[in-house]
Every structure is written in structure tokens, then in C-alpha cells.
$ cat query_36.txt   # compact mmCIF, C-alpha atoms
# COMPACT_ATOMS: atom_id res chain seq x y z
CA MET A 1 7.50 14.04 -11.40
CA ALA A 2 4.88 13.66 -8.69
CA ILE A 3 2.03 11.23 -9.03
CA ASP A 4 -0.99 13.16 -10.17
CA PHE A 5 -4.51 11.87 -9.64
CA SER A 6 -6.08 14.95 -11.05
CA SER A 7 -5.17 14.24 -14.63
CA THR A 8 -6.92 11.02 -15.53
CA ALA A 9 -7.69 11.33 -19.21
CA GLY A 10 -5.57 9.84 -21.95
CA VAL A 11 -2.08 10.24 -20.57
CA PRO A 12 0.43 9.20 -23.22
CA ASP A 13 3.00 6.50 -22.54
CA ASP A 14 6.47 7.74 -21.80
CA PRO A 15 9.15 5.53 -23.40
CA ALA A 16 11.79 6.60 -20.93
CA GLU A 17 13.34 3.74 -19.04
CA ALA A 18 13.34 3.72 -15.27
CA ARG A 19 16.65 4.63 -13.76
CA ASN A 20 18.46 2.07 -11.71
CA VAL A 21 17.48 3.48 -8.35
CA ARG A 22 17.58 1.46 -5.18
CA LEU A 23 14.39 1.00 -3.25
CA PRO A 24 14.37 0.42 0.48
CA ALA A 25 12.20 -2.35 1.79
CA ALA A 26 11.95 -1.33 5.33
CA ALA A 27 11.19 0.97 8.03
CA PRO A 28 12.33 3.93 10.01
CA ILE A 29 15.66 4.37 11.66
CA LEU A 30 15.29 3.10 15.21
CA GLU A 31 17.07 4.26 18.32
CA PRO A 32 19.70 1.82 19.59
CA GLY A 33 18.01 -0.76 21.79
CA ALA A 34 14.54 0.07 20.52
CA PRO A 35 12.33 -2.97 19.98
CA SER A 36 11.94 -4.13 16.39
CA ASP A 37 8.56 -4.13 14.71
CA LEU A 38 8.49 -7.88 15.16
CA ASP A 39 9.20 -7.51 18.88
CA LEU A 40 6.28 -5.12 19.13
CA MET A 41 3.98 -7.47 17.22
CA HIS A 42 4.90 -10.25 19.62
CA GLY A 43 4.12 -7.88 22.47
CA ILE A 44 0.72 -7.13 20.99
CA GLN A 45 0.09 -10.82 20.54
CA ALA A 46 0.83 -11.13 24.26
CA GLU A 47 -1.73 -8.34 24.87
CA ASP A 48 0.76 -5.73 26.03
CA PRO A 49 -0.79 -2.28 25.44
CA GLU A 50 2.62 -0.62 25.59
CA ALA A 51 3.67 -2.55 22.49
CA LEU A 52 0.71 -1.17 20.57
CA SER A 53 1.48 2.30 21.89
CA GLN A 54 5.01 2.10 20.50
CA LEU A 55 3.86 0.66 17.19
CA TYR A 56 1.31 3.46 16.94
CA ASP A 57 3.96 6.09 17.57
CA ARG A 58 6.16 4.54 14.92
CA TYR A 59 3.59 4.15 12.15
CA ASN A 60 0.46 6.22 12.75
CA GLY A 61 1.69 8.93 10.37
CA ILE A 62 2.31 6.49 7.53
CA ILE A 63 -0.97 4.67 8.07
CA LYS A 64 -2.92 7.91 8.27
CA ALA A 65 -1.24 9.21 5.11
CA LEU A 66 -2.32 6.03 3.35
CA ILE A 67 -5.90 6.41 4.57
CA LEU A 68 -5.97 10.07 3.56
CA ARG A 69 -4.69 9.18 0.12
CA VAL A 70 -7.71 6.90 -0.27
CA ILE A 71 -10.54 8.87 1.33
CA HIS A 72 -9.38 12.52 1.39
CA ASN A 73 -11.23 13.40 4.55
CA GLU A 74 -9.38 14.30 7.75
CA ALA A 75 -12.15 13.39 10.21
CA GLU A 76 -12.93 10.11 8.51
CA ALA A 77 -9.23 9.33 8.35
CA ASP A 78 -8.88 9.79 12.11
CA ASP A 79 -11.85 7.50 12.74
CA LEU A 80 -10.42 4.87 10.43
CA LEU A 81 -6.96 5.21 11.94
CA GLN A 82 -8.37 4.40 15.35
CA GLU A 83 -10.38 1.48 13.98
CA ILE A 84 -7.36 0.10 12.14
CA PHE A 85 -5.14 0.15 15.20
CA MET A 86 -7.93 -1.55 17.15
CA GLU A 87 -8.03 -4.16 14.41
CA ILE A 88 -4.27 -4.54 14.66
CA TRP A 89 -4.73 -5.17 18.37
CA ASN A 90 -7.58 -7.60 17.83
CA GLN A 91 -6.12 -9.43 14.83
CA ALA A 92 -2.46 -9.55 15.87
CA LYS A 93 -2.79 -13.27 16.54
CA ASN A 94 -3.29 -13.74 12.80
CA PHE A 95 0.02 -12.09 11.96
CA SER A 96 2.77 -14.48 10.92
CA ALA A 97 6.33 -13.32 10.42
CA GLN A 98 6.75 -16.13 7.89
CA LYS A 99 4.33 -14.37 5.57
CA GLY A 100 5.88 -10.92 5.73
CA LYS A 101 6.86 -7.94 7.83
CA PRO A 102 4.62 -6.22 10.37
CA LEU A 103 4.50 -3.00 8.36
CA GLY A 104 3.41 -4.85 5.23
CA TRP A 105 0.68 -6.59 7.18
CA MET A 106 -0.51 -3.31 8.70
CA VAL A 107 -0.48 -1.49 5.37
CA THR A 108 -2.44 -4.29 3.69
CA LEU A 109 -4.99 -4.18 6.49
CA ALA A 110 -5.21 -0.38 6.45
CA ARG A 111 -5.56 -0.18 2.68
CA ARG A 112 -8.35 -2.74 2.68
CA ARG A 113 -10.22 -0.91 5.43
CA ALA A 114 -9.79 2.46 3.75
CA ILE A 115 -10.98 1.22 0.37
CA ASP A 116 -13.91 -0.58 2.03
CA GLY A 117 -14.77 2.66 3.75
CA LEU A 118 -14.62 4.54 0.49
CA ARG A 119 -16.91 2.07 -1.21
CA LYS A 120 -19.40 1.89 1.63
CA LYS A 121 -19.85 5.62 1.59
CA GLN A 122 -20.22 5.51 -2.19
CA ALA A 123 -17.89 8.43 -2.17
CA TYR A 124 -15.92 7.88 -5.33
CA ALA A 125 -17.31 10.89 -7.09
CA ARG A 126 -17.12 13.13 -4.04
CA ALA A 127 -13.56 12.10 -3.25
CA GLY A 128 -12.58 12.58 -6.85
CA GLU A 129 -13.90 16.10 -6.87
CA ARG A 130 -12.13 16.88 -3.60
CA LEU A 131 -8.96 15.35 -4.83
CA GLN A 132 -9.00 17.35 -8.02
CA THR A 133 -9.54 20.54 -6.06
CA GLU A 134 -6.81 19.67 -3.58
CA THR A 135 -4.23 18.76 -6.18
CA GLU A 136 -4.96 21.85 -8.19
CA GLN A 137 -4.65 24.08 -5.17
CA GLN A 138 -1.80 22.32 -3.40
CA PRO A 139 -0.20 19.33 -5.12
CA ASP A 140 1.43 18.10 -1.94
CA ALA A 141 -1.71 18.54 0.14
CA TRP A 142 -0.54 16.51 3.13
CA VAL A 143 2.49 18.72 3.74
CA HIS A 144 2.88 19.82 7.33
CA ASN A 145 5.67 20.67 9.71
CA ALA A 146 8.15 17.85 9.98
CA THR A 147 7.72 15.60 12.97
CA GLU A 148 10.24 13.21 14.45
CA GLU A 149 8.42 10.36 12.78
CA GLU A 150 8.53 12.10 9.45
CA ILE A 151 12.23 12.78 9.71
CA SER A 152 12.95 9.15 10.51
CA PHE A 153 11.10 8.11 7.35
CA SER A 154 12.44 10.82 5.09
CA ASP A 155 15.37 8.94 3.56
CA THR A 156 13.19 5.95 2.88
CA ARG A 157 10.47 8.09 1.36
CA ILE A 158 12.90 9.89 -0.89
CA LEU A 159 14.28 6.65 -2.27
CA VAL A 160 10.84 5.15 -2.80
CA ARG A 161 9.66 8.32 -4.49
CA GLN A 162 12.70 8.32 -6.74
CA VAL A 163 11.74 4.91 -8.05
CA ILE A 164 8.07 5.77 -8.49
CA ASP A 165 8.90 9.07 -10.12
CA THR A 166 10.99 7.33 -12.76
CA LEU A 167 7.94 5.45 -14.01
CA PRO A 168 6.14 6.95 -16.99
CA VAL A 169 3.24 9.13 -15.85
CA ALA A 170 0.67 6.77 -17.33
CA GLN A 171 2.07 3.86 -15.33
CA GLN A 172 2.11 5.92 -12.14
CA GLN A 173 -1.48 6.92 -12.74
CA ALA A 174 -2.67 3.36 -13.35
CA ILE A 175 -0.90 2.05 -10.26
CA ASN A 176 -2.25 4.84 -8.10
CA LEU A 177 -5.81 4.32 -9.22
CA ALA A 178 -5.47 0.60 -8.55
CA PHE A 179 -3.63 0.79 -5.24
CA PHE A 180 -5.00 3.92 -3.61
CA ARG A 181 -8.49 3.90 -5.09
CA GLY A 182 -9.03 0.16 -5.32
CA MET A 183 -10.05 0.38 -8.96
CA SER A 184 -10.16 -2.62 -11.27
CA GLN A 185 -8.50 -2.56 -14.68
CA ARG A 186 -11.88 -1.91 -16.30
CA GLU A 187 -12.62 0.96 -13.96
CA ILE A 188 -9.23 2.50 -14.69
CA ALA A 189 -9.80 2.04 -18.42
CA ALA A 190 -13.17 3.78 -18.18
CA LYS A 191 -11.88 6.59 -15.98
CA THR A 192 -8.86 7.30 -18.15
CA ASN A 193 -10.55 6.60 -21.47
CA THR A 194 -7.84 4.10 -22.25
CA PRO A 195 -8.11 0.64 -23.84
CA LEU A 196 -8.26 -2.17 -21.28
CA GLY A 197 -5.20 -3.88 -22.74
CA THR A 198 -3.18 -0.70 -22.41
CA VAL A 199 -4.16 -0.35 -18.77
CA LYS A 200 -3.11 -3.93 -18.11
CA THR A 201 0.25 -3.34 -19.80
CA ARG A 202 0.84 -0.14 -17.84
CA LEU A 203 0.09 -1.87 -14.56
CA GLU A 204 2.25 -4.88 -15.35
CA LEU A 205 5.25 -2.83 -16.49
CA GLY A 206 5.05 -0.32 -13.67
CA LEU A 207 4.61 -2.91 -10.95
CA LYS A 208 7.46 -4.99 -12.33
CA LYS A 209 9.81 -2.00 -12.18
CA ILE A 210 8.85 -1.30 -8.59
CA TYR A 211 9.11 -4.95 -7.63
CA ASP A 212 12.53 -5.25 -9.28
CA GLY A 213 13.71 -2.17 -7.40
CA LEU A 214 12.71 -3.72 -4.10
CA LYS A 215 14.29 -7.03 -4.97
CA GLU A 216 17.52 -5.38 -5.96
CA LEU A 217 17.82 -3.75 -2.58
CA ARG A 218 16.98 -6.94 -0.71
CA ASP A 219 19.61 -8.81 -2.66
CA GLU A 220 22.21 -6.24 -1.68
CA LEU A 221 21.38 -6.27 2.03
CA MET B 1 -10.79 -25.06 -20.96
CA THR B 2 -9.68 -23.24 -17.85
CA GLY B 3 -7.35 -26.07 -16.96
CA LEU B 4 -5.73 -25.92 -20.36
CA LYS B 5 -5.23 -22.18 -20.04
CA ASN B 6 -3.69 -22.61 -16.58
CA PHE B 7 -1.43 -25.32 -17.82
CA GLU B 8 -0.14 -22.93 -20.43
CA MET B 9 0.54 -20.07 -18.01
CA SER B 10 4.27 -19.64 -17.64
CA PHE B 11 5.77 -18.64 -14.32
CA GLU B 12 6.68 -15.28 -15.80
CA GLU B 13 3.01 -14.72 -16.68
CA PHE B 14 2.09 -15.87 -13.21
CA GLN B 15 4.50 -13.32 -11.74
CA ASN B 16 2.89 -10.54 -13.75
CA GLN B 17 -0.54 -11.66 -12.59
CA SER B 18 0.68 -11.89 -8.98
CA ARG B 19 1.75 -8.28 -8.93
CA LEU B 20 -1.73 -7.30 -10.12
CA TYR B 21 -3.35 -9.70 -7.66
CA VAL B 22 -1.75 -8.22 -4.55
CA ILE B 23 -3.10 -4.77 -5.35
CA GLY B 24 -6.52 -6.20 -6.18
CA ALA B 25 -6.33 -5.33 -9.85
CA LEU B 26 -7.03 -8.72 -11.40
CA GLU B 27 -10.30 -8.87 -13.27
CA PRO B 28 -12.80 -11.56 -12.21
CA GLU B 29 -12.22 -13.58 -15.37
CA GLU B 30 -8.48 -13.60 -14.62
CA LEU B 31 -8.85 -14.67 -11.02
CA GLU B 32 -9.91 -18.25 -11.67
CA ALA B 33 -6.98 -18.90 -13.98
CA PHE B 34 -4.66 -17.22 -11.50
CA GLU B 35 -5.87 -19.29 -8.57
CA ASN B 36 -5.52 -22.50 -10.55
CA ALA B 37 -2.01 -21.56 -11.64
CA ARG B 38 -1.24 -20.70 -8.04
CA LYS B 39 -2.15 -24.24 -7.05
CA ASP B 40 -0.11 -25.66 -9.92
CA PHE B 41 3.01 -23.71 -8.97
CA GLY B 42 2.58 -24.53 -5.25
CA GLN B 43 5.00 -23.16 -2.69
CA LYS B 44 6.97 -21.31 -5.36
CA ALA B 45 3.83 -19.33 -6.11
CA GLU B 46 3.10 -18.63 -2.45
CA ASP B 47 6.64 -17.40 -1.91
CA PHE B 48 6.40 -15.06 -4.86
CA ILE B 49 3.02 -13.67 -3.83
CA GLY B 50 4.45 -13.03 -0.36
CA GLN B 51 7.29 -11.06 -1.87
CA CYS B 52 4.85 -9.03 -3.94
CA TYR B 53 3.13 -7.78 -0.80
CA SER B 54 6.31 -5.85 0.01
CA MET B 55 5.12 -3.39 -2.63
CA HIS B 56 2.36 -2.37 -0.21
CA GLU B 57 5.04 -1.17 2.18
CA ALA B 58 6.77 0.72 -0.59
CA PHE B 59 3.63 2.54 -1.66
CA ALA B 60 2.86 3.52 1.92
CA LEU B 61 6.43 4.63 2.54
CA SER B 62 6.26 6.83 -0.54
CA LEU B 63 3.79 9.08 1.29
CA ARG B 64 4.64 11.90 3.64
CA PRO B 65 3.43 10.91 7.13
CA ALA B 66 0.29 12.71 8.26
CA LYS B 67 -0.16 14.14 11.71
CA SER B 68 -2.76 12.91 14.19
CA SER B 69 -3.93 14.42 17.44
CA ASP B 70 -2.68 13.21 20.80
CA ALA B 71 -6.33 12.84 21.83
CA LEU B 72 -6.84 10.20 19.19
CA LYS B 73 -4.06 8.09 20.60
CA GLU B 74 -5.36 8.56 24.12
CA ARG B 75 -8.80 7.31 23.05
CA LEU B 76 -7.27 4.34 21.29
CA MET B 77 -5.09 3.36 24.22
CA ALA B 78 -7.99 3.70 26.67
CA MET B 79 -9.99 1.26 24.52
CA VAL B 80 -7.03 -1.11 24.25
CA ARG B 81 -6.33 -1.11 27.98
CA THR B 82 -9.98 -1.83 28.69
CA ARG B 83 -9.88 -4.78 26.29
CA ALA B 84 -6.60 -6.01 27.76
CA LYS B 85 -8.08 -6.09 31.27
CA SER B 86 -11.27 -7.87 30.29
$ encode --input "query_36.txt" --output "C-alpha cells"
Amino acid sequence: MAIDFSSTAGVPDDPAEARNVRLPAAAPILEPGAPSDLDLMHGIQAEDPEALSQLYDRYNGIIKALILRVIHNEAEADDLLQEIFMEIWNQAKNFSAQKGKPLGWMVTLARRRAIDGLRKKQAYARAGERLQTETEQQPDAWVHNATEEEISFSDTRILVRQVIDTLPVAQQQAINLAFFRGMSQREIAAKTNTPLGTVKTRLELGLKKIYDGLKELRDEL
Amino acid sequence: MTGLKNFEMSFEEFQNQSRLYVIGALEPEELEAFENARKDFGQKAEDFIGQCYSMHEAFALSLRPAKSSDALKERLMAMVRTRAKS
């Protein structure tokens, strides 16, 4: 079942248990000899534009998809994408491999910028209306012809989606509103007409399942 | 009062709160207790929070990559090369 932002009112809890599906923790399949993400981050820290160019080629599609999921506007997403990669260039010195992987750092940065952008434009209502229209007309609105980047991510995406799709719809909805819309528990409760305690439980249970899926894979690698 | 509440927070509760924290979903009244528990649990807490951020990757990787124009990259790289030279 796909995550659905358009239905935000009173979704019942699904008692079904998540299947034991493995979740990948990492990135695309790289060509033999290709620099790792960490190599590229070190290159950026050394102010090598080519390193940023390669990191952009590897992840611009994922980062833009994330931005689009938040703001639902192609032109604004392109502007933000450019700003985010400039911030990656400017802030690379603050990246520490001890604290996590380059992709995680970039996604955290991109999500924060996208949600900030959404809030600054006070576009919650507008984006919500657009989103509802888009999901009604074309549930998978970001579908396009497969690119090389997309193909390299496809196995990963399928596995991640399998885990997310096993969550009850109400948990998916709560997590999506929190992660992709930056909503607080209270905001989610108000938007979905759900008791605050229920929202908290949905978030906690759903996130734990996803976290456990990731951990299981890491333990096996 | 807050200290007493923090003292009573188990690590399992802290883990639940951490997963909410990394996606920015903790309520303001929960944040203070969380931060105090974070100090109490020390490095163990920091390690766990770090692991929780891997969920950000997973959520991003769940999306189908979106296409961008070549012109956008050219603009970006022109800006970067200018910065790199200065």
C-alpha cells in the first residue's frame, strides 16, 4: 500500500504486524573503482569541484525527490536543490564520518531546508491542496522515465518501500506528516482529527519498526 | 520535578523519544526531559541518536528519484568553481 497524504482524517489502526523485511541502509550500486561517498565528501572538504559534481550526479534525484515531497513545486524544488548543494559545498567542513554517512547528512540538511522553505512561504494550505489534487490525479506523481541514477537506486527503493508499506496506514500517515511536512504531534493530531496520545503511539510504533528493519540489515552485513 | 522525571526515564523510553526527536516530532514539553535524559545516558545516548538518523536515509531512499535539468547543474558548478577560485 502506498503512503497516501491525501487521506488525513481518522484513519483506523491496522493490527497487522509488519513482515520481516530487510531494509538497506545504504546507497546506490557504484561502478568498480568509483569513489565512495566518503571519498567525495573528503574531496569537497578539500574544495575539489569535481567531487561535488560527482556527488551531485549520484544524489540529485534523491534529494530533489525529497524536496518535492515537501514543497510540491517543481521550480521551487530546483531552486532549493541548487541552494542545498551549495550548502553542502559550504558546510562540508562540518561533516564528520563519525556521526554518520554522507547521504544521511545530506538528507538531514535537505529536509531541514525544504521544511524551512515551506514554513517561510506559509504554504501549508496551498501545498496541501496541490498534494491532494496530485495524489487524486496521479498517485505516483513523480514518475518519469527511468534514468541511470534511478535504476541504480531501484533495488534499494523497493526494499525500503516494502518495509514502509508493511506499516499500518495510520502509522505511515503519521510518519509522513512528521518527516515530510515537519509537523509536530499536535499538528498531526489536529490535521487527522486523532487524539494526541494515539498520534504519539503511531509514530513510536512505526518508527521502531523502520529502525529495527535498518538495524537488522546492518547486523547482517 | 523535571529531574525526577528524567531519572525515571528508562533507556527504552529514551529510544522511543530519540526516534521522534530525529524527525523533529517531539513536543516542546518533551524536549527538556529528553535533553536531560540524553545527558544522563551520555555516550550511549549519542550513539543511539546517531543510529536513528539513518532513518532519514531510508525515507529519502523510499522515493523515486526526480529529474533535474542539466542547466541547473551547470549553474551550480559555475558558482562552485567561482567560490573555489576565490
$ atom_distance --input "query_36.txt" --atom1 "CA of Phe34 in chain B" --atom2 "CA of Lys99 in chain A"
19.5 Å
$ closest_residue --input "query_36.txt" --among "A:Leu214, A:Ala114, A:Leu207, A:Ile44" --to "Ser18 in chain B" --atoms "only C-alpha atoms"
A:Leu207
$ residues_around --input "query_36.txt" --residues "Gly61 in chain A" --least-positions-apart "4" --cutoff "9 Å" --atoms "all atoms listed in the file" --output "ChimeraX atom specification"
/A:56-57,65-66,149-150 /B:64-68
$ interface_residues --input "query_36.txt" --of "chain B" --to "chain A" --cutoff "8 Å" --atoms "only C-alpha atoms" --output "number ranges by chain"
B: 16-17, 19-20, 23-27, 50-68, 72-73, 76-77, 80-81, 84
$ atom_distance --input "query_36.txt" --atom1 "CA of Arg181 in chain A" --atom2 "CA of Gly117 in chain A"
10.9 Å
$ atom_distance --input "query_36.txt" --atom1 "CA of Arg202 in chain A" --atom2 "CA of Gly42 in chain B"
27.5 Å
$ residues_around --input "query_36.txt" --residues "Ala92 in chain A" --least-positions-apart "3" --cutoff "9 Å" --atoms "all atoms listed in the file" --output "JSON, numbers by chain"
{"A": [41, 42, 44, 45, 87, 88, 89, 95, 96]}
$ closest_residue --input "query_36.txt" --among "B:Val22, B:Asp40, B:Ser86, B:Leu31" --to "Ser10 in chain B" --atoms "only C-alpha atoms"
B:Asp40
$ closest_residue --input "query_36.txt" --among "B:Tyr21, B:Met79, B:Glu8, B:Gln15" --to "Asp47 in chain B" --atoms "only C-alpha atoms"
B:Gln15
